[in-house]
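Q: Handing over data23.cif, mmCIF, C-alpha atoms and all ligand atoms.
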data_target
#
loop_
_atom_site.label_atom_id
_atom_site.label_comp_id
_atom_site.auth_asym_id
_atom_site.auth_seq_id
_atom_site.Cartn_x
_atom_site.Cartn_y
_atom_site.Cartn_z
CA MET A 268 -69.64 -2.39 38.45
CA ALA A 269 -67.40 -0.66 41.00
CA ALA A 270 -63.89 0.00 39.74
CA PHE A 271 -61.11 -2.32 40.84
CA THR A 272 -57.82 -0.58 41.63
CA LEU A 273 -54.60 -2.44 40.88
CA ALA A 274 -51.35 -0.84 42.06
CA HIS A 275 -48.06 -1.67 40.35
CA LEU A 276 -44.56 -1.08 41.66
CA SER A 277 -41.31 -2.71 40.71
CA ASP A 278 -37.58 -3.08 41.22
CA PRO A 279 -37.23 -1.97 44.86
CA HIS A 280 -33.67 -3.40 44.90
CA LEU A 281 -34.04 -3.40 48.66
CA PRO A 282 -31.30 -1.42 50.37
CA PRO A 283 -29.07 -1.82 52.28
CA LEU A 284 -26.98 -4.62 50.85
CA PRO A 285 -25.77 -6.99 53.60
CA ALA A 286 -22.04 -7.62 53.90
CA LEU A 287 -20.74 -10.32 51.60
CA ARG A 288 -19.21 -13.41 53.10
CA LEU A 289 -15.87 -14.17 51.53
CA ARG A 290 -17.04 -17.30 49.71
CA GLU A 291 -19.88 -15.29 48.15
CA PHE A 292 -17.47 -12.75 46.74
CA ALA A 293 -16.74 -14.40 43.40
CA GLY A 294 -17.66 -14.20 39.74
CA LYS A 295 -20.75 -12.26 38.89
CA ARG A 296 -21.50 -11.27 42.48
CA ALA A 297 -18.09 -9.63 42.84
CA LEU A 298 -18.88 -7.36 39.89
CA GLY A 299 -22.38 -6.73 41.18
CA TYR A 300 -21.04 -5.90 44.63
CA LEU A 301 -18.58 -3.39 43.23
CA ASN A 302 -21.33 -1.88 41.09
CA TRP A 303 -23.54 -1.57 44.16
CA THR A 304 -20.93 -0.05 46.45
CA ARG A 305 -19.69 2.35 43.78
CA ASN A 306 -22.98 3.38 42.22
CA ARG A 307 -26.28 1.87 43.04
CA HIS A 308 -26.39 2.44 46.79
CA ARG A 309 -26.32 6.17 46.15
CA PHE A 310 -29.49 6.01 44.06
CA HIS A 311 -31.64 3.35 45.78
CA THR A 312 -32.68 4.35 49.29
CA ARG A 313 -34.95 2.82 51.87
CA GLY A 314 -36.36 6.24 52.71
CA VAL A 315 -37.64 6.69 49.16
CA LEU A 316 -39.09 3.18 49.09
CA ASP A 317 -40.87 3.56 52.44
CA ALA A 318 -42.37 6.91 51.41
CA LEU A 319 -43.58 5.51 48.11
CA VAL A 320 -45.15 2.43 49.71
CA SER A 321 -46.99 4.43 52.36
CA ASP A 322 -48.34 6.79 49.69
CA MET A 323 -49.52 3.76 47.72
CA GLN A 324 -51.15 2.17 50.77
CA ALA A 325 -52.98 5.45 51.46
CA GLN A 326 -54.63 5.10 48.03
CA ARG A 327 -56.19 1.83 49.28
CA PRO A 328 -55.68 -0.28 46.15
CA ASP A 329 -57.63 -3.55 45.95
CA HIS A 330 -54.48 -5.39 44.93
CA ILE A 331 -50.75 -4.72 44.49
CA ALA A 332 -48.51 -6.21 41.78
CA ILE A 333 -44.72 -6.24 42.21
CA THR A 334 -42.68 -7.22 39.15
CA GLY A 335 -39.35 -8.32 40.59
CA ASP A 336 -35.84 -7.26 41.51
CA LEU A 337 -36.70 -7.15 45.20
CA VAL A 338 -33.08 -7.89 46.10
CA ASN A 339 -29.71 -7.17 44.52
CA LEU A 340 -27.29 -10.09 44.49
CA ALA A 341 -29.60 -12.87 45.72
CA LEU A 342 -27.44 -13.31 48.83
CA GLU A 343 -28.91 -15.64 51.43
CA ALA A 344 -28.98 -12.72 53.88
CA GLU A 345 -31.17 -10.65 51.52
CA PHE A 346 -34.19 -12.96 51.46
CA ALA A 347 -35.46 -12.62 55.05
CA PRO A 348 -35.41 -8.78 54.94
CA ALA A 349 -37.16 -8.94 51.57
CA GLN A 350 -39.86 -11.17 53.02
CA ALA A 351 -40.30 -8.79 55.97
CA TRP A 352 -40.59 -5.90 53.55
CA LEU A 353 -43.21 -7.78 51.50
CA GLU A 354 -45.25 -8.41 54.64
CA SER A 355 -45.10 -4.68 55.40
CA VAL A 356 -46.49 -3.96 51.93
CA GLY A 357 -49.48 -6.24 52.40
CA ALA A 358 -50.80 -9.72 53.05
CA SER A 359 -50.06 -12.35 50.45
CA ASP A 360 -53.67 -12.49 49.21
CA ARG A 361 -53.48 -8.75 48.43
CA VAL A 362 -50.00 -8.68 46.87
CA THR A 363 -48.71 -10.65 43.88
CA VAL A 364 -45.01 -10.96 43.09
CA VAL A 365 -43.05 -12.23 40.09
CA PRO A 366 -39.25 -12.45 40.38
CA GLY A 367 -36.65 -10.45 38.48
CA ASN A 368 -33.15 -11.27 37.30
CA HIS A 369 -31.59 -9.84 40.47
CA ASP A 370 -33.70 -12.26 42.54
CA ALA A 371 -32.09 -15.14 40.62
CA TYR A 372 -28.70 -13.47 40.29
CA VAL A 373 -26.53 -16.59 40.55
CA ARG A 374 -27.15 -20.28 40.03
CA ALA A 375 -26.68 -21.24 43.70
CA THR A 376 -29.69 -19.26 44.92
CA ARG A 377 -31.76 -18.97 41.73
CA HIS A 378 -34.82 -20.66 43.28
CA ARG A 379 -34.54 -19.07 46.73
CA SER A 380 -36.73 -16.09 45.92
CA ALA A 381 -39.65 -18.19 44.75
CA GLU A 382 -39.37 -20.33 47.90
CA ALA A 383 -39.02 -17.37 50.25
CA TRP A 384 -41.98 -15.52 48.76
CA SER A 385 -44.05 -18.51 47.64
CA SER A 386 -47.24 -17.28 49.29
CA TYR A 387 -46.98 -14.10 47.17
CA SER A 388 -46.46 -15.99 43.92
CA GLY A 389 -48.67 -19.05 44.24
CA GLY A 390 -51.71 -19.62 42.08
CA ASP A 391 -55.22 -19.95 43.54
CA ASP A 392 -55.40 -23.67 42.80
CA ALA A 393 -51.74 -24.53 43.06
CA PRO A 394 -50.06 -22.87 46.03
CA GLY A 395 -46.30 -23.14 46.09
CA VAL A 396 -43.61 -22.38 43.62
CA ALA A 397 -44.78 -22.79 40.05
CA PHE A 398 -44.75 -20.47 37.07
CA PRO A 399 -46.90 -19.47 35.38
CA PHE A 400 -49.64 -19.04 37.97
CA LEU A 401 -53.18 -17.69 37.88
CA ARG A 402 -54.82 -15.62 40.60
CA ARG A 403 -58.37 -14.28 40.35
CA ARG A 404 -59.24 -11.10 42.19
CA GLY A 405 -62.62 -9.48 41.45
CA ALA A 406 -62.98 -9.19 37.67
CA LEU A 407 -59.22 -9.59 37.26
CA ALA A 408 -57.20 -12.63 36.24
CA LEU A 409 -53.58 -12.05 37.26
CA ILE A 410 -51.19 -14.25 35.31
CA GLY A 411 -47.62 -14.33 36.64
CA VAL A 412 -44.62 -15.69 34.76
CA SER A 413 -40.95 -15.88 35.73
CA SER A 414 -38.39 -14.52 33.29
CA ALA A 415 -35.73 -14.60 36.03
CA VAL A 416 -32.71 -16.71 35.18
CA PRO A 417 -29.04 -16.47 36.19
CA THR A 418 -26.93 -14.91 33.42
CA PRO A 419 -23.22 -14.38 32.76
CA PRO A 420 -21.59 -11.22 34.15
CA LEU A 421 -22.77 -7.97 32.53
CA MET A 422 -25.84 -9.72 31.13
CA ALA A 423 -29.39 -9.21 32.43
CA THR A 424 -31.43 -11.14 29.91
CA GLY A 425 -34.64 -12.99 30.72
CA TRP A 426 -36.01 -16.29 29.49
CA LEU A 427 -39.32 -18.11 29.90
CA GLY A 428 -38.55 -21.44 28.25
CA ARG A 429 -40.71 -23.92 26.41
CA SER A 430 -42.40 -25.62 29.35
CA GLN A 431 -43.46 -22.32 30.90
CA LEU A 432 -44.76 -21.06 27.55
CA GLU A 433 -46.75 -24.26 27.04
CA ALA A 434 -48.24 -23.98 30.53
CA LEU A 435 -49.03 -20.34 29.84
CA GLU A 436 -50.98 -21.33 26.74
CA ARG A 437 -53.02 -23.75 28.87
CA ILE A 438 -53.94 -20.81 31.12
CA LEU A 439 -54.58 -18.24 28.38
CA ALA A 440 -56.69 -20.42 26.07
CA PRO A 441 -59.67 -20.95 28.44
CA LEU A 442 -59.40 -17.41 29.83
CA ALA A 443 -59.98 -16.06 26.31
CA THR A 444 -63.58 -17.28 26.48
CA GLU A 445 -64.29 -15.60 29.83
CA GLN A 446 -65.31 -12.05 30.64
CA VAL A 447 -62.28 -11.26 32.78
CA PHE A 448 -59.68 -8.47 32.70
CA ARG A 449 -56.42 -10.34 32.13
CA VAL A 450 -53.21 -8.85 33.49
CA LEU A 451 -49.88 -10.45 32.56
CA LEU A 452 -47.08 -9.85 35.12
CA ILE A 453 -43.49 -10.27 33.94
CA HIS A 454 -40.20 -8.72 35.02
CA HIS A 455 -38.67 -8.15 31.58
CA PRO A 456 -40.23 -5.86 28.97
CA LEU A 457 -41.50 -7.60 25.83
CA ARG A 458 -39.37 -5.38 23.62
CA SER A 459 -35.91 -4.02 24.41
CA ARG A 460 -33.25 -2.10 22.53
CA SER A 461 -30.56 -3.73 24.64
CA ARG A 462 -29.42 -7.24 23.70
CA ALA A 463 -27.92 -7.59 27.17
CA LYS A 464 -31.22 -6.83 28.92
CA ARG A 465 -33.84 -8.35 26.64
CA LEU A 466 -36.26 -11.24 27.06
CA THR A 467 -34.67 -13.74 24.72
CA ASP A 468 -37.87 -15.63 23.85
CA ALA A 469 -40.08 -12.54 23.65
CA SER A 470 -41.29 -13.50 20.16
CA ASP A 471 -42.84 -16.72 21.52
CA LEU A 472 -44.61 -14.81 24.27
CA LEU A 473 -45.81 -12.15 21.83
CA ALA A 474 -47.27 -14.88 19.61
CA LEU A 475 -49.32 -16.21 22.55
CA VAL A 476 -50.45 -12.70 23.47
CA LYS A 477 -51.47 -12.06 19.88
CA GLN A 478 -53.42 -15.31 19.64
CA TYR A 479 -55.26 -15.30 22.97
CA GLY A 480 -55.02 -11.70 24.19
CA VAL A 481 -54.71 -10.07 27.59
CA GLU A 482 -55.97 -6.62 28.57
CA LEU A 483 -52.80 -5.31 30.24
CA ILE A 484 -49.13 -6.24 30.58
CA LEU A 485 -47.07 -4.97 33.54
CA HIS A 486 -43.30 -5.19 33.73
CA GLY A 487 -40.22 -3.74 35.46
CA HIS A 488 -36.49 -4.14 34.73
CA ASP A 489 -35.89 -0.95 32.71
CA HIS A 490 -36.39 1.42 35.68
CA VAL A 491 -38.17 4.00 33.49
CA HIS A 492 -41.73 5.08 32.74
CA SER A 493 -42.75 3.15 29.65
CA THR A 494 -45.84 2.46 27.55
CA MET A 495 -45.64 0.05 24.63
CA TRP A 496 -48.44 -1.44 22.57
CA PHE A 497 -48.56 -5.00 21.26
CA ASP A 498 -50.86 -6.80 18.85
CA GLY A 499 -53.78 -8.68 20.37
CA PRO A 500 -56.68 -10.53 18.77
CA GLY A 501 -59.04 -7.57 19.20
CA GLY A 502 -56.65 -4.60 18.97
CA ALA A 503 -53.57 -3.18 20.64
CA ILE A 504 -52.63 -4.22 24.18
CA PRO A 505 -50.86 -1.75 26.50
CA ALA A 506 -47.65 -2.83 28.26
CA ILE A 507 -46.61 -0.54 31.09
CA GLY A 508 -43.23 -0.27 32.81
CA VAL A 509 -42.43 1.73 35.93
CA PRO A 510 -39.28 3.23 37.52
CA SER A 511 -37.55 1.54 40.44
CA ALA A 512 -39.60 2.00 43.62
CA SER A 513 -36.52 3.07 45.62
CA ALA A 514 -34.77 5.33 43.11
CA LEU A 515 -33.60 8.87 43.34
CA ALA A 516 -33.45 10.49 39.90
CA HIS A 517 -30.05 9.85 38.32
CA GLY A 518 -28.81 10.04 34.74
CA ARG A 519 -31.58 8.90 32.41
CA TYR A 520 -33.45 7.20 35.26
CA PRO A 521 -36.40 9.02 36.81
CA ALA A 522 -37.18 9.09 40.51
CA ALA A 523 -39.32 6.39 42.08
CA ALA A 524 -42.93 6.09 40.98
CA TYR A 525 -45.80 3.63 40.92
CA ASN A 526 -48.95 3.20 38.88
CA LEU A 527 -52.59 2.80 39.84
CA PHE A 528 -54.92 1.15 37.33
CA SER A 529 -58.61 1.79 37.82
CA ILE A 530 -60.45 -0.97 35.98
CA SER A 531 -64.16 -1.14 35.37
CA ARG A 532 -66.67 -2.44 32.90
CA ASP A 533 -68.98 0.02 31.27
CA GLY A 534 -71.55 -0.69 28.56
CA GLY A 535 -69.99 -4.01 27.63
CA ALA A 536 -66.45 -2.62 27.39
CA TRP A 537 -63.47 -2.59 29.74
CA GLN A 538 -62.27 0.80 30.91
CA CYS A 539 -58.80 1.23 32.33
CA GLU A 540 -57.34 4.47 33.63
CA GLN A 541 -53.67 4.75 34.63
CA THR A 542 -52.65 7.17 37.37
CA VAL A 543 -48.92 7.72 37.81
CA ARG A 544 -47.74 8.84 41.25
CA GLY A 545 -44.12 9.50 42.05
CA ILE A 546 -41.49 11.82 43.41
CA ASP A 547 -41.40 15.30 41.91
CA ASP A 548 -38.54 17.79 41.72
CA ALA A 549 -39.30 19.01 45.24
CA GLN A 550 -39.00 15.44 46.58
CA ARG A 551 -42.72 15.19 47.28
CA ILE A 552 -44.91 12.31 46.14
CA VAL A 553 -47.56 13.67 43.82
CA GLN A 554 -49.75 12.59 40.94
CA LEU A 555 -47.51 12.95 37.87
CA TRP A 556 -50.15 12.29 35.24
CA ARG A 557 -53.28 10.34 34.44
CA VAL A 558 -54.24 8.69 31.15
CA ARG A 559 -56.99 6.46 29.81
CA LEU A 560 -55.80 3.15 28.43
CA SER A 561 -58.83 2.02 26.54
CA PRO A 562 -57.69 0.72 23.17
CA PRO A 563 -60.09 -0.86 20.66
CA GLY A 564 -59.30 -4.30 22.07
CA MET A 565 -60.90 -3.38 25.35
CA ASN A 566 -64.24 -2.83 23.68
CA ALA A 567 -64.57 -6.49 22.81
CA GLY A 568 -65.18 -9.55 24.91
FE FE A 601 -34.10 -3.78 38.37
FE FE A 602 -34.09 -6.49 36.29
#
Write the structure described by the file as structure tokens, please.
Ligand SMILES: [Fe+2]
Ligand SMILES: [Fe+2]
A:
Amino acid sequence: MAAFTLAHLSDPHLPPLPALRLREFAGKRALGYLNWTRNRHRFHTRGVLDALVSDMQAQRPDHIAITGDLVNLALEAEFAPAQAWLESVGASDRVTVVPGNHDAYVRATRHRSAEAWSSYSGGDDAPGVAFPFLRRRGALALIGVSSAVPTPPLMATGWLGRSQLEALERILAPLATEQVFRVLLIHHPLRSRSRAKRLTDASDLLALVKQYGVELILHGHDHVHSTMWFDGPGGAIPAIGVPSASALAHGRYPAAAYNLFSISRDGGAWQCEQTVRGIDDAQRIVQLWRVRLSPPGMNAG
């Protein structure tokens, strides 16, 4: 079987931020706006993002996964540029998006991202805005969930909720009997040291993952390179996080990077190799490292 290449990038936090209208400058957005103008705009640049995306496109991945935080304050004026950017990344059948907390920053526009990018988030059988969704591409089953909810100021927690978890179980249960490579897409990591940034019902999601299994979990939100392992029915499951796709290195945050997963089936077992490409110290985009992610669980099924 020819290898399938899945690219993963996250958290572009698309610059620049449009000017705030006066009535939008209140509450959480006011804090976010000050944070952006004082700090973030220096570290998230369109030039970095464009260079990273064109390097990724040159690798000709079969599919691209984007795990949220496309925008910053979920201002009405941010959604059209974000949609135009998505279209420049690829057509909606080649690109799958799940939203992040910044895409649902405040209550007033919390559903705007899913509406604006619905063709990039819809399931195969149920186009439109609904989470979780299932998309099949080659030997892959891409399962997207939304952990994006508005939160109080200074909080960036995520939440799936009971109805989404129940619907997720209805997707995962039949998939467990198929020979497919299951990829779970979620903005928040399944484990976090920060109470202010965690997925609050992570334990419920981990229980489903442990019962039914997936082969790979991809997330954003932390803006760092990350590999965690979680219990699955047949062994440990890798969960991979990636830096912001528009970031210059700053503080503990590395420069922008993306991952390529080369997935194939060999002798009755799944093989998955991760290639990390990103910006090096000389501001060039290079391969940073490559690693095989083939835990015991991938030998089953
Ligand atoms: Fe983010
Ligand atoms: Fe986030």
Q: Go through A:Ala349, A:Ala434, A:Val553, A:Met422 one by one, measure the shortest atom-to-atom distance of each to ligand FE 602 (chain A) using only C-alpha atoms and all ligand atoms, and give the residue with the smallest value.
A: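 Among A:Ala349, A:Ala434, A:Val553, A:Met422, it is A:Met422 that comes nearest to ligand FE 602 (chain A).
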Q: Let me have all residues with an atom within 9 Å of ligand FE 602 (chain A), counting all atoms listed in the file, laid out as number ranges by chain.
A: A: 278, 335-336, 366-370, 415, 423-425, 454-455, 464, 487-490
Q: Mind pulling up the distance from CA of Arg519 (chain A) to CA of Glu345 (chain A)?
A: 27.3 Å
Q: Just want the 6 Å neighbourhood of Thr542 (chain A), counted on only C-alpha atoms, with same-chain residues fewer than 3 positions away dropped. Output as an NGL selection string.
A: :A and (526-527 or 557)
Q: Counting all atoms listed in the file, which residue out of A:Gln478, A:Ser513, A:Thr272, A:Ser380 sits closest to ligand FE 601 (chain A)?
A: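 Selected residue with least distance to ligand FE 601 (chain A): A:Ser513.
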Q: Would you mind listing what lies within 8 Å of region 406-408 of chain A as a VMD selection string, with all atoms listed in the file counted and same-chain residues fewer than 4 positions away left out?
A: chain A and resid 271 401 to 402 446 to 450
Q: I want to know what sits within 12 Å of Val320 (chain A), based on only C-alpha atoms, with residues of the same chain fewer than 2 positions away left out; could you give that as a PyMOL selection string?
A: chain A and resi 274-277+279+313-318+322-328+331+333+352-357+512-513+523-526+544-546+552
Q: Counting all atoms listed in the file, I want the residues whose atoms come within 8 Å of (-39.9, 2.6, 31.4) in the file frame, returned as an MDAnalysis selection string.
A: chainID A and resid 487 489:494 507:510
Q: Go through A:Ala286, A:Ser385, A:Tyr520, A:His378 one by one, measure the shortest atom-to-atom distance of each to ligand FE 601 (chain A) using only C-alpha atoms and all ligand atoms, and give the residue with the smallest value.
A: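 Of A:Ala286, A:Ser385, A:Tyr520, A:His378, the one nearest ligand FE 601 (chain A) is A:Tyr520, counting only C-alpha atoms and all ligand atoms.
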Q: Using all atoms listed in the file, determine which residues lie at most 10 Å from Val396 (chain A), disregarding the query and same-chain residues fewer than 4 positions distant; provide the list as number ranges by chain.
A: A: 378, 380-390, 400
Q: Which is closest to Asp391 (chain A) among A:Gln538, A:Ser359, A:Ser461, A:Thr376, if we use all atoms listed in the file?
A: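 Once distances to Asp391 (chain A) are computed over all atoms listed in the file, the minimum belongs to A:Ser359.
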Q: For the point (-33.5, -1.0, 47.3) in file coordinates, what residues are within 6 Å, counting all atoms listed in the file? Give the answer as a VMD selection string?
A: chain A and resid 279 to 282 311 to 312 513
Q: Which one is closest to ligand FE 601 (chain A): A:Thr304, A:Ser529, A:Ser511, A:Gln431? Count only C-alpha atoms and all ligand atoms.
A: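 Selected residue with least distance to ligand FE 601 (chain A): A:Ser511.
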Q: Which neighbours of Ala270 (chain A) fall inside 8 Å, counting all atoms listed in the file, when residues of the same chain fewer than 4 positions from it are skipped, and could you give them as number ranges by chain?
A: A: 529-532
Q: Measuring atom to atom with all atoms listed in the file, identify which of A:Leu560, A:Lys477, A:Arg296, A:Asp329 is nearest to Ala358 (chain A).
A: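 Nearest candidate to Ala358 (chain A) out of A:Leu560, A:Lys477, A:Arg296, A:Asp329: A:Asp329.
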Q: As an exercise, work out the distance from CA of Pro521 (chain A) to CA of Ser459 (chain A) in Å and give it to one decimal place.
A: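 The value is 18.0 Å.
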Q: In Å, with one decimal, what is the gap from CA of Leu439 (chain A) to CA of Val365 (chain A)?
A: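 Atom-to-atom, CA of Leu439 (chain A) to CA of Val365 (chain A), that is 17.5 Å.
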Q: If I wrap all listed atoms of region 338-344 of chain A in a box with edges along x, y and z and add 8 Å on each side, what are its centre and edge lengths in Å to one decimal, as JSON?
A:
{"center_x": -30.2, "center_y": -11.4, "center_z": 49.2, "size_x": 21.8, "size_y": 24.5, "size_z": 25.4}
Q: Please write C-alpha atoms of region 332-406 of chain A, from the structure given just now, as an mmCIF file, in the first residue's frame.
A:
data_model
loop_
_atom_site.group_PDB
_atom_site.id
_atom_site.type_symbol
_atom_site.label_atom_id
_atom_site.label_comp_id
_atom_site.auth_asym_id
_atom_site.auth_seq_id
_atom_site.Cartn_x
_atom_site.Cartn_y
_atom_site.Cartn_z
ATOM 1 C CA ALA A 332 -5.191 18.972 9.223
ATOM 2 C CA ILE A 333 -5.450 22.340 10.991
ATOM 3 C CA THR A 334 -6.260 22.252 14.709
ATOM 4 C CA GLY A 335 -7.652 25.693 15.431
ATOM 5 C CA ASP A 336 -6.866 29.207 16.584
ATOM 6 C CA LEU A 337 -7.039 30.552 13.039
ATOM 7 C CA VAL A 338 -8.036 33.974 14.354
ATOM 8 C CA ASN A 339 -7.358 35.953 17.512
ATOM 9 C CA LEU A 340 -10.381 37.679 19.022
ATOM 10 C CA ALA A 341 -13.137 36.184 16.832
ATOM 11 C CA LEU A 342 -13.960 39.651 15.490
ATOM 12 C CA GLU A 343 -16.438 39.659 12.620
ATOM 13 C CA ALA A 344 -13.746 41.229 10.419
ATOM 14 C CA GLU A 345 -11.364 38.307 11.058
ATOM 15 C CA PHE A 346 -13.499 35.560 9.520
ATOM 16 C CA ALA A 347 -13.412 36.532 5.827
ATOM 17 C CA PRO A 348 -9.584 36.863 5.775
ATOM 18 C CA ALA A 349 -9.353 33.536 7.596
ATOM 19 C CA GLN A 350 -11.565 31.899 4.987
ATOM 20 C CA ALA A 351 -9.439 33.389 2.188
ATOM 21 C CA TRP A 352 -6.330 32.070 3.901
ATOM 22 C CA LEU A 353 -7.878 28.591 4.214
ATOM 23 C CA GLU A 354 -8.683 28.590 0.499
ATOM 24 C CA SER A 355 -5.048 29.477 -0.210
ATOM 25 C CA VAL A 356 -3.951 26.473 1.857
ATOM 26 C CA GLY A 357 -6.108 24.049 -0.108
ATOM 27 C CA ALA A 358 -9.562 23.001 -1.226
ATOM 28 C CA SER A 359 -11.985 21.923 1.462
ATOM 29 C CA ASP A 360 -11.829 18.236 0.477
ATOM 30 C CA ARG A 361 -8.043 18.313 1.056
ATOM 31 C CA VAL A 362 -8.016 20.329 4.285
ATOM 32 C CA THR A 363 -9.785 19.558 7.569
ATOM 33 C CA VAL A 364 -10.214 22.152 10.314
ATOM 34 C CA VAL A 365 -11.307 21.997 13.943
ATOM 35 C CA PRO A 366 -11.751 25.283 15.839
ATOM 36 C CA GLY A 367 -9.723 26.571 18.777
ATOM 37 C CA ASN A 368 -10.618 28.738 21.752
ATOM 38 C CA HIS A 369 -9.562 31.912 19.935
ATOM 39 C CA ASP A 370 -12.038 31.088 17.146
ATOM 40 C CA ALA A 371 -14.815 31.091 19.766
ATOM 41 C CA TYR A 372 -13.301 33.868 21.860
ATOM 42 C CA VAL A 373 -16.536 35.517 23.000
ATOM 43 C CA ARG A 374 -20.130 34.376 23.250
ATOM 44 C CA ALA A 375 -21.433 36.712 20.519
ATOM 45 C CA THR A 376 -19.416 35.083 17.736
ATOM 46 C CA ARG A 377 -18.744 31.630 19.202
ATOM 47 C CA HIS A 378 -20.404 29.795 16.283
ATOM 48 C CA ARG A 379 -19.137 32.089 13.512
ATOM 49 C CA SER A 380 -15.987 30.102 12.826
ATOM 50 C CA ALA A 381 -17.825 26.842 12.258
ATOM 51 C CA GLU A 382 -20.243 28.619 9.904
ATOM 52 C CA ALA A 383 -17.530 30.484 8.024
ATOM 53 C CA TRP A 384 -15.399 27.384 7.519
ATOM 54 C CA SER A 385 -18.175 24.779 7.417
ATOM 55 C CA SER A 386 -16.928 23.157 4.214
ATOM 56 C CA TYR A 387 -13.598 22.495 5.968
ATOM 57 C CA SER A 388 -15.216 20.951 9.040
ATOM 58 C CA GLY A 389 -18.170 19.015 7.669
ATOM 59 C CA GLY A 390 -18.389 15.251 7.783
ATOM 60 C CA ASP A 391 -18.663 13.126 4.634
ATOM 61 C CA ASP A 392 -22.286 12.224 5.308
ATOM 62 C CA ALA A 393 -23.357 15.322 7.180
ATOM 63 C CA PRO A 394 -22.052 18.507 5.590
ATOM 64 C CA GLY A 395 -22.528 21.625 7.649
ATOM 65 C CA VAL A 396 -21.687 22.552 11.166
ATOM 66 C CA ALA A 397 -21.722 19.567 13.484
ATOM 67 C CA PHE A 398 -19.147 18.158 15.863
ATOM 68 C CA PRO A 399 -17.896 15.531 16.020
ATOM 69 C CA PHE A 400 -17.557 14.739 12.326
ATOM 70 C CA LEU A 401 -16.016 11.886 10.362
ATOM 71 C CA ARG A 402 -14.122 12.229 7.095
ATOM 72 C CA ARG A 403 -12.583 9.279 5.262
ATOM 73 C CA ARG A 404 -9.537 9.869 3.110
ATOM 74 C CA GLY A 405 -7.679 6.817 1.757
ATOM 75 C CA ALA A 406 -7.044 4.451 4.672
#
